Amino acid sequence: EAAPHLSCIGATQASIREHLADFRKIGVKRIVALRGDLPSGMADPGEFRYANELVSFIRAETGSEFALEVAAYPEVHPQAKDAATDLAAFVRKVEAGADAAITQYFYNADAYFHFV
């Protein structure tokens, strides 16, 4: 089952609403809600700075209409100050309404099991 990856960097509330309306029309039930990377030379991230803000906005707009998945980083996000800060960011996404999390490939199984 395909799930669109929706990045909030550079997005506006209006553009996210448009995407959500399009997703409804084509029967999407699952969204991967991400912050995304700030493109080189882009100084303004847009109306959303972090994935938890995107998750919160989608929940406010659509309730539980979509299953929302967010990113998790067992080996710690490369921009995180440390593991504790990274875990706190993940918790904010869950508290905002994420249903599940996915990871990219990782090579340290111990880091994954520790994260879980």
# chains A, B, ... in the order shown; residues from 1 in each chain; ligands from 1

$ residues_around --residues "A:Gly97" --least-positions-apart "3" --cutoff "8 Å" --atoms "only C-alpha atoms" --output "list of chain:residue names"
A:Val55, A:Ser56, A:Arg59, A:Leu68, A:Lys93, A:Val94

$ residues_around --residues "A:Ala84" --least-positions-apart "5" --cutoff "12 Å" --atoms "only C-alpha atoms" --output "ChimeraX atom specification"
/A:73-77,89-91,115

$ residues_around --residues "A:Ala98" --least-positions-apart "3" --cutoff "12 Å" --atoms "only C-alpha atoms" --output "PDB file with N, CA, C and O atoms, in the first residue's frame"
ATOM      1  N   ARG A  30      -3.226   6.724   4.393  1.00  0.00           N
ATOM      2  CA  ARG A  30      -2.005   6.729   5.198  1.00  0.00           C
ATOM      3  C   ARG A  30      -1.055   7.775   4.652  1.00  0.00           C
ATOM      4  O   ARG A  30      -0.846   7.852   3.439  1.00  0.00           O
ATOM      5  N   ILE A  31      -0.472   8.582   5.536  1.00  0.00           N
ATOM      6  CA  ILE A  31       0.475   9.630   5.148  1.00  0.00           C
ATOM      7  C   ILE A  31       1.723   9.504   6.017  1.00  0.00           C
ATOM      8  O   ILE A  31       1.627   9.300   7.232  1.00  0.00           O
ATOM      9  N   VAL A  32       2.881   9.663   5.385  1.00  0.00           N
ATOM     10  CA  VAL A  32       4.128   9.771   6.129  1.00  0.00           C
ATOM     11  C   VAL A  32       4.417  11.266   6.254  1.00  0.00           C
ATOM     12  O   VAL A  32       4.658  11.941   5.255  1.00  0.00           O
ATOM     13  N   ALA A  33       4.303  11.791   7.467  1.00  0.00           N
ATOM     14  CA  ALA A  33       4.446  13.229   7.731  1.00  0.00           C
ATOM     15  C   ALA A  33       5.866  13.517   8.195  1.00  0.00           C
ATOM     16  O   ALA A  33       6.303  13.033   9.240  1.00  0.00           O
ATOM     17  N   LEU A  34       6.578  14.304   7.395  1.00  0.00           N
ATOM     18  CA  LEU A  34       7.994  14.563   7.638  1.00  0.00           C
ATOM     19  C   LEU A  34       8.298  16.051   7.689  1.00  0.00           C
ATOM     20  O   LEU A  34       7.599  16.848   7.066  1.00  0.00           O
ATOM     21  N   ALA A  51       8.186  18.396  12.130  1.00  0.00           N
ATOM     22  CA  ALA A  51       7.162  17.413  11.770  1.00  0.00           C
ATOM     23  C   ALA A  51       6.023  17.369  12.775  1.00  0.00           C
ATOM     24  O   ALA A  51       4.872  17.157  12.394  1.00  0.00           O
ATOM     25  N   ASN A  52       6.313  17.576  14.056  1.00  0.00           N
ATOM     26  CA  ASN A  52       5.217  17.548  15.035  1.00  0.00           C
ATOM     27  C   ASN A  52       4.184  18.633  14.751  1.00  0.00           C
ATOM     28  O   ASN A  52       2.988  18.442  14.973  1.00  0.00           O
ATOM     29  N   GLU A  53       4.638  19.776  14.217  1.00  0.00           N
ATOM     30  CA  GLU A  53       3.700  20.842  13.853  1.00  0.00           C
ATOM     31  C   GLU A  53       2.829  20.411  12.681  1.00  0.00           C
ATOM     32  O   GLU A  53       1.629  20.715  12.635  1.00  0.00           O
ATOM     33  N   LEU A  54       3.412  19.695  11.722  1.00  0.00           N
ATOM     34  CA  LEU A  54       2.648  19.177  10.593  1.00  0.00           C
ATOM     35  C   LEU A  54       1.637  18.140  11.062  1.00  0.00           C
ATOM     36  O   LEU A  54       0.461  18.186  10.670  1.00  0.00           O
ATOM     37  N   VAL A  55       2.059  17.229  11.907  1.00  0.00           N
ATOM     38  CA  VAL A  55       1.154  16.203  12.439  1.00  0.00           C
ATOM     39  C   VAL A  55      -0.005  16.851  13.181  1.00  0.00           C
ATOM     40  O   VAL A  55      -1.172  16.512  12.966  1.00  0.00           O
ATOM     41  N   SER A  56       0.292  17.808  14.032  1.00  0.00           N
ATOM     42  CA  SER A  56      -0.740  18.506  14.789  1.00  0.00           C
ATOM     43  C   SER A  56      -1.732  19.207  13.855  1.00  0.00           C
ATOM     44  O   SER A  56      -2.952  19.147  14.059  1.00  0.00           O
ATOM     45  N   PHE A  57      -1.213  19.850  12.818  1.00  0.00           N
ATOM     46  CA  PHE A  57      -2.072  20.539  11.855  1.00  0.00           C
ATOM     47  C   PHE A  57      -2.979  19.549  11.120  1.00  0.00           C
ATOM     48  O   PHE A  57      -4.191  19.789  10.986  1.00  0.00           O
ATOM     49  N   ILE A  58      -2.415  18.436  10.662  1.00  0.00           N
ATOM     50  CA  ILE A  58      -3.227  17.444   9.953  1.00  0.00           C
ATOM     51  C   ILE A  58      -4.313  16.897  10.863  1.00  0.00           C
ATOM     52  O   ILE A  58      -5.473  16.754  10.454  1.00  0.00           O
ATOM     53  N   ARG A  59      -3.973  16.616  12.107  1.00  0.00           N
ATOM     54  CA  ARG A  59      -4.974  16.122  13.061  1.00  0.00           C
ATOM     55  C   ARG A  59      -6.080  17.165  13.276  1.00  0.00           C
ATOM     56  O   ARG A  59      -7.262  16.827  13.312  1.00  0.00           O
ATOM     57  N   GLY A  63      -8.898  15.200  11.815  1.00  0.00           N
ATOM     58  CA  GLY A  63      -9.171  14.220  12.866  1.00  0.00           C
ATOM     59  C   GLY A  63      -8.387  12.948  12.627  1.00  0.00           C
ATOM     60  O   GLY A  63      -7.195  12.995  12.343  1.00  0.00           O
ATOM     61  N   SER A  64      -9.058  11.828  12.686  1.00  0.00           N
ATOM     62  CA  SER A  64      -8.386  10.537  12.512  1.00  0.00           C
ATOM     63  C   SER A  64      -8.600   9.963  11.110  1.00  0.00           C
ATOM     64  O   SER A  64      -8.450   8.763  10.905  1.00  0.00           O
ATOM     65  N   PHE A  66      -6.794  10.130   8.498  1.00  0.00           N
ATOM     66  CA  PHE A  66      -5.574   9.537   7.955  1.00  0.00           C
ATOM     67  C   PHE A  66      -4.766   8.880   9.066  1.00  0.00           C
ATOM     68  O   PHE A  66      -4.691   9.414  10.175  1.00  0.00           O
ATOM     69  N   ALA A  67      -4.154   7.754   8.748  1.00  0.00           N
ATOM     70  CA  ALA A  67      -3.150   7.179   9.637  1.00  0.00           C
ATOM     71  C   ALA A  67      -1.866   7.945   9.357  1.00  0.00           C
ATOM     72  O   ALA A  67      -1.470   8.094   8.201  1.00  0.00           O
ATOM     73  N   LEU A  68      -1.245   8.474  10.396  1.00  0.00           N
ATOM     74  CA  LEU A  68      -0.048   9.289  10.226  1.00  0.00           C
ATOM     75  C   LEU A  68       1.175   8.559  10.757  1.00  0.00           C
ATOM     76  O   LEU A  68       1.201   8.124  11.909  1.00  0.00           O
ATOM     77  N   GLU A  69       2.177   8.458   9.897  1.00  0.00           N
ATOM     78  CA  GLU A  69       3.445   7.868  10.273  1.00  0.00           C
ATOM     79  C   GLU A  69       4.508   8.955  10.250  1.00  0.00           C
ATOM     80  O   GLU A  69       4.435   9.884   9.448  1.00  0.00           O
ATOM     81  N   VAL A  70       5.444   8.848  11.145  1.00  0.00           N
ATOM     82  CA  VAL A  70       6.530   9.834  11.247  1.00  0.00           C
ATOM     83  C   VAL A  70       7.864   9.098  11.216  1.00  0.00           C
ATOM     84  O   VAL A  70       7.923   7.880  11.330  1.00  0.00           O
ATOM     85  N   ALA A  71       8.926   9.855  11.091  1.00  0.00           N
ATOM     86  CA  ALA A  71      10.267   9.281  11.059  1.00  0.00           C
ATOM     87  C   ALA A  71      10.784   9.045  12.476  1.00  0.00           C
ATOM     88  O   ALA A  71      10.537   9.828  13.386  1.00  0.00           O
ATOM     89  N   ALA A  72      11.514   7.949  12.621  1.00  0.00           N
ATOM     90  CA  ALA A  72      12.222   7.643  13.864  1.00  0.00           C
ATOM     91  C   ALA A  72      13.676   7.368  13.491  1.00  0.00           C
ATOM     92  O   ALA A  72      13.965   6.859  12.409  1.00  0.00           O
ATOM     93  N   PHE A  90      11.078  13.025  18.821  1.00  0.00           N
ATOM     94  CA  PHE A  90      10.190  11.922  18.443  1.00  0.00           C
ATOM     95  C   PHE A  90       8.946  11.895  19.328  1.00  0.00           C
ATOM     96  O   PHE A  90       7.824  11.742  18.835  1.00  0.00           O
ATOM     97  N   VAL A  91       9.119  12.071  20.614  1.00  0.00           N
ATOM     98  CA  VAL A  91       7.985  12.079  21.544  1.00  0.00           C
ATOM     99  C   VAL A  91       6.999  13.184  21.175  1.00  0.00           C
ATOM    100  O   VAL A  91       5.777  12.983  21.219  1.00  0.00           O
ATOM    101  N   ARG A  92       7.498  14.352  20.777  1.00  0.00           N
ATOM    102  CA  ARG A  92       6.600  15.443  20.363  1.00  0.00           C
ATOM    103  C   ARG A  92       5.753  15.037  19.158  1.00  0.00           C
ATOM    104  O   ARG A  92       4.580  15.393  19.071  1.00  0.00           O
ATOM    105  N   LYS A  93       6.320  14.280  18.242  1.00  0.00           N
ATOM    106  CA  LYS A  93       5.556  13.817  17.079  1.00  0.00           C
ATOM    107  C   LYS A  93       4.455  12.848  17.506  1.00  0.00           C
ATOM    108  O   LYS A  93       3.332  12.914  17.002  1.00  0.00           O
ATOM    109  N   VAL A  94       4.782  11.966  18.432  1.00  0.00           N
ATOM    110  CA  VAL A  94       3.789  11.019  18.941  1.00  0.00           C
ATOM    111  C   VAL A  94       2.685  11.772  19.678  1.00  0.00           C
ATOM    112  O   VAL A  94       1.493  11.524  19.459  1.00  0.00           O
ATOM    113  N   GLU A  95       3.067  12.693  20.533  1.00  0.00           N
ATOM    114  CA  GLU A  95       2.073  13.461  21.291  1.00  0.00           C
ATOM    115  C   GLU A  95       1.193  14.319  20.379  1.00  0.00           C
ATOM    116  O   GLU A  95       0.045  14.609  20.714  1.00  0.00           O
ATOM    117  N   ALA A 101       5.644   4.882  13.457  1.00  0.00           N
ATOM    118  CA  ALA A 101       6.905   5.469  13.003  1.00  0.00           C
ATOM    119  C   ALA A 101       7.605   4.498  12.072  1.00  0.00           C
ATOM    120  O   ALA A 101       7.422   3.279  12.166  1.00  0.00           O
ATOM    121  N   ILE A 102       8.379   5.067  11.173  1.00  0.00           N
ATOM    122  CA  ILE A 102       9.207   4.265  10.279  1.00  0.00           C
ATOM    123  C   ILE A 102      10.643   4.764  10.398  1.00  0.00           C
ATOM    124  O   ILE A 102      10.886   5.888  10.840  1.00  0.00           O
TER     125      ILE A 102
END

$ atom_distance --atom1 "atom CA of A:Gly10" --atom2 "atom CA of A:Pro45"
5.0 Å

$ select_by_dssp --residues "stretch 9-108 of chain A" --states "alpha helix (DSSP H)" --output "VMD selection string"
chain A and resid 13 to 25 51 to 62 83 to 96

$ atom_distance --atom1 "atom CA of A:Cys8" --atom2 "atom CA of A:Leu38"
9.8 Å

$ select_by_dssp --residues "chain A" --states "strand (DSSP E)" --output "PyMOL selection string"
chain A and resi 5-7+30-34+67-71+100-102

$ write_last_selection --atoms "C-alpha atoms" --output "tab-separated table (two decimals), in the first residue's frame"
chain	number	residue	atom	x	y	z
A	5	HIS	CA	5.49	11.36	2.03
A	6	LEU	CA	4.38	14.87	2.95
A	7	SER	CA	7.18	17.26	3.86
A	30	ARG	CA	-2.01	6.73	5.20
A	31	ILE	CA	0.47	9.63	5.15
A	32	VAL	CA	4.13	9.77	6.13
A	33	ALA	CA	4.45	13.23	7.73
A	34	LEU	CA	7.99	14.56	7.64
A	67	ALA	CA	-3.15	7.18	9.64
A	68	LEU	CA	-0.05	9.29	10.23
A	69	GLU	CA	3.44	7.87	10.27
A	70	VAL	CA	6.53	9.83	11.25
A	71	ALA	CA	10.27	9.28	11.06
A	100	ALA	CA	3.29	4.86	13.92
A	101	ALA	CA	6.91	5.47	13.00
A	102	ILE	CA	9.21	4.27	10.28
